[in-house]
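Undergrad: Structure provided below as structure tokens; questions to follow.
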2 protein chains.
Amino acid sequence: MSTANTLQLNEFQQHCQQRVDRRLGAALDAEIASATLLEAMRYACLGGGKRIRPVLTYGSALAVGGDLPAADNAAAAIELIHSYSLVHDDLPAMDDDDLRRGKPTLHKAFDEATAILVGDALQPLAFQILSTDPITENDALAANNRLAMVQLLSQAAGATGMVGGQSLDFEAVGVKLNIQQLEQMHSLKTGALIRCAVLLGGMSCESASDSQMSALAIYADNIGLAFQVQDDILDVIGDTSQLGKPQGSDSDKNKPTYVSLLGLDEAKALANSLSDKAIAALKEFPASADRLRELAAFVVSRLH
Amino acid sequence: MSTANTLQLNEFQQHCQQRVDRRLGAALDAEIASATLLEAMRYACLGGGKRIRPVLTYGSALAVGGDLPAADNAAAAIELIHSYSLVHDDLPAMDDDDLRRGKPTLHKAFDEATAILVGDALQPLAFQILSTDPITENDALAANNRLAMVQLLSQAAGATGMVGGQSLDFEAVGVKLNIQQLEQMHSLKTGALIRCAVLLGGMSCESASDSQMSALAIYADNIGLAFQVQDDILDVIGDTSQLGKPQGSDSDKNKPTYVSLLGLDEAKALANSLSDKAIAALKEFPASADRLRELAAFVVSRLH
């Protein structure tokens, strides 16, 4: 068992951020012939960020009795997919944002063509990391397991997951969604990758049981939705310096949000209820799942 | 051994096109919530095209004694990567092309945001197909092999392959490249995926030997370069109706080409020499490699 278990959540998050940054830095120091592309890929991935998905991956690995090094590749792969999606999401033809994580968005710092290519290059790097480096030993079980991880990530990233949700989100601008439609959109747009982050963490420990994986899936679905509801709340009550993007930027675009549909108080109650359900899903887990429990509380209390 | 061996090249190509279209059609009929995204993905993938990469994959499978059904997933995965790259390459911030395969480019038929998302969704679908469906039986050897295929495709598609080459190509606009720099750019931009198409075909037959795979790699590198040289030749001597894009569209953009560096006659001689080297690499292969031999000749004789 890792010593990470004895850390406070804040220290655990910092430790996870350092781990995943180290793994990403190594992956982005490979033999890439285009100097511009490499610099821009590093700009996209190594510029900070909450790393909430990798932290979930590591927390999930601990919860099922695994250790942090075995989850490094999964954590990095998830963050690569998330990072690429931000770069493309910020493009003029998409959300047209100038500011991300307190810095100019990639197409502002470089140009649009580079931003398109950076996203296109970060995505296969995620699959390369999952498929290339042995997680434990390169035995038959590990290969099966890693293939299953590739499969899960590909489903979560593509048209049946994140990109499908982004497309639904795009179709929803100016359209009056009901709460079920909003939930479907978010369950794909942000939920699929968060779910994948949690499940890959569990899968990085080959002794994880089916019932543990099922409980992690319930945890993940609830925390994923809670994360989105809290995002909508912060879009209304947060301030630009803490968010790293202009406050109200989503509601300005006439996008439906939980706050616009439910009102602020009910949205807060929903976020807390989802967080509670996530924690309840872990009731059979030992103390090694405390990081996941604390993360469920953190997601709905965060200010940015 | 497949009956495909007794077909003429033209019939073999048509047979391969039908196989890969059927596999792509099945993959693009999955549960995708966004109707616009699904329609646009199908527009990008099922609108014809030479399918030269899948044909190489199938030809390579036959060359090492494999069969066509075992290569279906590899062929489809390669074509998905190629199709996504065309959609993004045509974007206004990239090559800004209006016409592709004789039809409006995707961002013209739909819009830019959809074109970005389609590319982003086609790419993980390639990895999903390679990782999800068993090629032969879902035994340990197959899992290792399929994981190696995922690894190869991820390297070929990303910053160390196709996207890296596209970035070099972008940097080269208005710059005077020498022949070595041009070759490096093309070996990544188009060569990496063609090499991968050939190698995945070989890998789809688990009895392929190391020496066979090495010979296939030499074949692939030569045919990949020959393909690019012929593209540059066709950009000068072809006509728009056969190319499906405006003749001279590359030279108009002040991009270096083999014809601009070598002149037309020397470029033609280079293409033929590369084709001969590709065929020579297969000298130890039996008649089952005849499709690859014929393809090497076809690549430098094609008119579009």
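Going by the structure tokens order, chains are called A, B, ..., each with residues numbered from 1, while ligands are numbered from 1 in the order shown.
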Quick check: residues of chain A within 8 Å of chain B, only C-alpha atoms, returned as a PyMOL selection string.
TA: chain A and resi 31-34+36-38+88+93-94+112-114+116-117+120-125+127-128+131-132+140-141+143-144+146-148+150-151+154-155+157-160+163-168
Undergrad: Name the residues in contact with Ser207 in chain B at a cut-off of 12 Å, using only C-alpha atoms, excluding same-chain residues fewer than 5 positions from it; report them as a PDB file with N, CA and C atoms, in the first residue's frame.
TA:
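Wrote it out as out01.pdb, contents follow:
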```pdb
ATOM      1  N   ALA B  61      -1.670  -8.766 -45.938  1.00  0.00           N
ATOM      2  CA  ALA B  61      -2.159  -9.953 -45.226  1.00  0.00           C
ATOM      3  C   ALA B  61      -2.027 -11.190 -46.104  1.00  0.00           C
ATOM      4  N   LEU B  62      -2.433 -11.063 -47.362  1.00  0.00           N
ATOM      5  CA  LEU B  62      -2.307 -12.190 -48.292  1.00  0.00           C
ATOM      6  C   LEU B  62      -0.837 -12.566 -48.500  1.00  0.00           C
ATOM      7  N   ALA B  63       0.027 -11.561 -48.588  1.00  0.00           N
ATOM      8  CA  ALA B  63       1.438 -11.808 -48.889  1.00  0.00           C
ATOM      9  C   ALA B  63       2.093 -12.730 -47.861  1.00  0.00           C
ATOM     10  N   VAL B  64       1.717 -12.579 -46.596  1.00  0.00           N
ATOM     11  CA  VAL B  64       2.338 -13.399 -45.546  1.00  0.00           C
ATOM     12  C   VAL B  64       1.523 -14.657 -45.264  1.00  0.00           C
ATOM     13  N   GLY B  65       0.532 -14.953 -46.099  1.00  0.00           N
ATOM     14  CA  GLY B  65      -0.230 -16.182 -45.923  1.00  0.00           C
ATOM     15  C   GLY B  65      -1.480 -16.027 -45.084  1.00  0.00           C
ATOM     16  N   GLY B  66      -1.862 -14.796 -44.797  1.00  0.00           N
ATOM     17  CA  GLY B  66      -3.079 -14.554 -44.019  1.00  0.00           C
ATOM     18  C   GLY B  66      -4.303 -14.481 -44.912  1.00  0.00           C
ATOM     19  N   ASP B  67      -5.447 -14.192 -44.289  1.00  0.00           N
ATOM     20  CA  ASP B  67      -6.662 -14.060 -45.089  1.00  0.00           C
ATOM     21  C   ASP B  67      -7.285 -12.679 -44.897  1.00  0.00           C
ATOM     22  N   LEU B 141      -2.151 -14.589 -27.186  1.00  0.00           N
ATOM     23  CA  LEU B 141      -1.326 -14.159 -28.317  1.00  0.00           C
ATOM     24  C   LEU B 141      -2.034 -13.069 -29.108  1.00  0.00           C
ATOM     25  N   ALA B 142      -3.330 -13.247 -29.321  1.00  0.00           N
ATOM     26  CA  ALA B 142      -4.064 -12.228 -30.062  1.00  0.00           C
ATOM     27  C   ALA B 142      -4.051 -10.896 -29.323  1.00  0.00           C
ATOM     28  N   ASN B 145      -0.773  -9.231 -29.783  1.00  0.00           N
ATOM     29  CA  ASN B 145      -0.660  -8.794 -31.163  1.00  0.00           C
ATOM     30  C   ASN B 145      -1.502  -7.550 -31.420  1.00  0.00           C
ATOM     31  N   GLY B 201      -1.365  -5.146 -41.932  1.00  0.00           N
ATOM     32  CA  GLY B 201      -1.812  -6.293 -42.725  1.00  0.00           C
ATOM     33  C   GLY B 201      -0.993  -7.530 -42.403  1.00  0.00           C
ATOM     34  N   GLY B 202       0.320  -7.368 -42.334  1.00  0.00           N
ATOM     35  CA  GLY B 202       1.188  -8.484 -41.964  1.00  0.00           C
ATOM     36  C   GLY B 202       0.913  -8.997 -40.562  1.00  0.00           C
ATOM     37  N   GLN B 212       9.783 -11.601 -42.827  1.00  0.00           N
ATOM     38  CA  GLN B 212       8.688 -11.127 -43.682  1.00  0.00           C
ATOM     39  C   GLN B 212       8.281  -9.703 -43.305  1.00  0.00           C
ATOM     40  N   MET B 213       8.189  -9.459 -41.999  1.00  0.00           N
ATOM     41  CA  MET B 213       7.792  -8.114 -41.559  1.00  0.00           C
ATOM     42  C   MET B 213       8.842  -7.073 -41.955  1.00  0.00           C
TER      43      MET B 213
END
```
Undergrad: Would you return as a PyMOL selection string the members of range 96-203 of chain A that DSSP assigns to strand (DSSP E) on this structure's backbone?
TA: chain A and resi 99-100+103-104
Undergrad: Using backbone DSSP assignments, extract all helix (DSSP H, G or I) residues from range 158-300 of chain B; output them as a PyMOL selection string.
TA: chain B and resi 162-171+179-203+210-237+240-243+249-252+258-262+264-280+287-300
Undergrad: Excluding Ala297 in chain B and residues on its chain fewer than 4 positions from it, collect all residues at most 8 Å away from it, counting only C-alpha atoms, and give them as a list in words.
TA: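 The neighbour list is Ser275, Asp276, Arg293 and Ser301 of chain B.
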Undergrad: Write a file of the selected residues as a PDB file, in the first residue's frame, keeping N, CA and C atoms.
TA:
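Output contents, as saved in again.pdb:
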```pdb
ATOM      1  N   SER B 275       9.226   2.322 -57.032  1.00  0.00           N
ATOM      2  CA  SER B 275       8.312   1.210 -57.264  1.00  0.00           C
ATOM      3  C   SER B 275       9.105  -0.082 -57.484  1.00  0.00           C
ATOM      4  N   ASP B 276      10.180  -0.002 -58.249  1.00  0.00           N
ATOM      5  CA  ASP B 276      11.020  -1.189 -58.487  1.00  0.00           C
ATOM      6  C   ASP B 276      11.636  -1.698 -57.190  1.00  0.00           C
ATOM      7  N   ARG B 293       2.895  -6.670 -55.375  1.00  0.00           N
ATOM      8  CA  ARG B 293       3.756  -6.337 -56.513  1.00  0.00           C
ATOM      9  C   ARG B 293       2.985  -5.495 -57.530  1.00  0.00           C
ATOM     10  N   SER B 301       1.532   4.354 -61.806  1.00  0.00           N
ATOM     11  CA  SER B 301       0.899   4.473 -63.121  1.00  0.00           C
ATOM     12  C   SER B 301      -0.485   5.101 -63.019  1.00  0.00           C
TER      13      SER B 301
END
```
Undergrad: Tell me which protein, DNA and RNA residues are within 9 Å of Asp221 in chain A, counting only C-alpha atoms, leaving out same-chain ones fewer than 6 positions away, and put them as an MDAnalysis selection string.
TA: chainID A and resid 187 191:192 194:195 274 278
Undergrad: How would the residues just chosen look if you wrote them out with N, CA and C atoms as a PDB file, in the first residue's frame?
TA:
```pdb
ATOM      1  N   SER A 187     -23.600  13.723 -19.531  1.00  0.00           N
ATOM      2  CA  SER A 187     -23.100  12.375 -19.222  1.00  0.00           C
ATOM      3  C   SER A 187     -22.119  11.925 -20.291  1.00  0.00           C
ATOM      4  N   GLY A 191     -19.037  13.488 -18.511  1.00  0.00           N
ATOM      5  CA  GLY A 191     -19.188  12.298 -17.686  1.00  0.00           C
ATOM      6  C   GLY A 191     -18.405  11.100 -18.194  1.00  0.00           C
ATOM      7  N   ALA A 192     -18.378  10.922 -19.523  1.00  0.00           N
ATOM      8  CA  ALA A 192     -17.752   9.714 -20.077  1.00  0.00           C
ATOM      9  C   ALA A 192     -16.266   9.650 -19.738  1.00  0.00           C
ATOM     10  N   ILE A 194     -14.723  11.251 -17.223  1.00  0.00           N
ATOM     11  CA  ILE A 194     -14.545  11.111 -15.772  1.00  0.00           C
ATOM     12  C   ILE A 194     -14.786   9.661 -15.354  1.00  0.00           C
ATOM     13  N   ARG A 195     -15.825   9.061 -15.908  1.00  0.00           N
ATOM     14  CA  ARG A 195     -16.088   7.648 -15.644  1.00  0.00           C
ATOM     15  C   ARG A 195     -14.879   6.797 -16.068  1.00  0.00           C
ATOM     16  N   LEU A 274     -25.691  14.349  -5.401  1.00  0.00           N
ATOM     17  CA  LEU A 274     -24.885  13.477  -6.262  1.00  0.00           C
ATOM     18  C   LEU A 274     -23.575  13.101  -5.573  1.00  0.00           C
ATOM     19  N   ALA A 278     -22.283   9.322  -4.646  1.00  0.00           N
ATOM     20  CA  ALA A 278     -20.963   8.811  -5.030  1.00  0.00           C
ATOM     21  C   ALA A 278     -20.276   8.178  -3.829  1.00  0.00           C
TER      22      ALA A 278
END
```
Undergrad: I'd like the contact shell of range 103-108 of chain B - 8 Å cut-off, only C-alpha atoms, skipping same-chain residues fewer than 6 positions apart - returned as a ChimeraX atom specification.
TA: /B:40,43-44,87,90-91,97,114-115,244
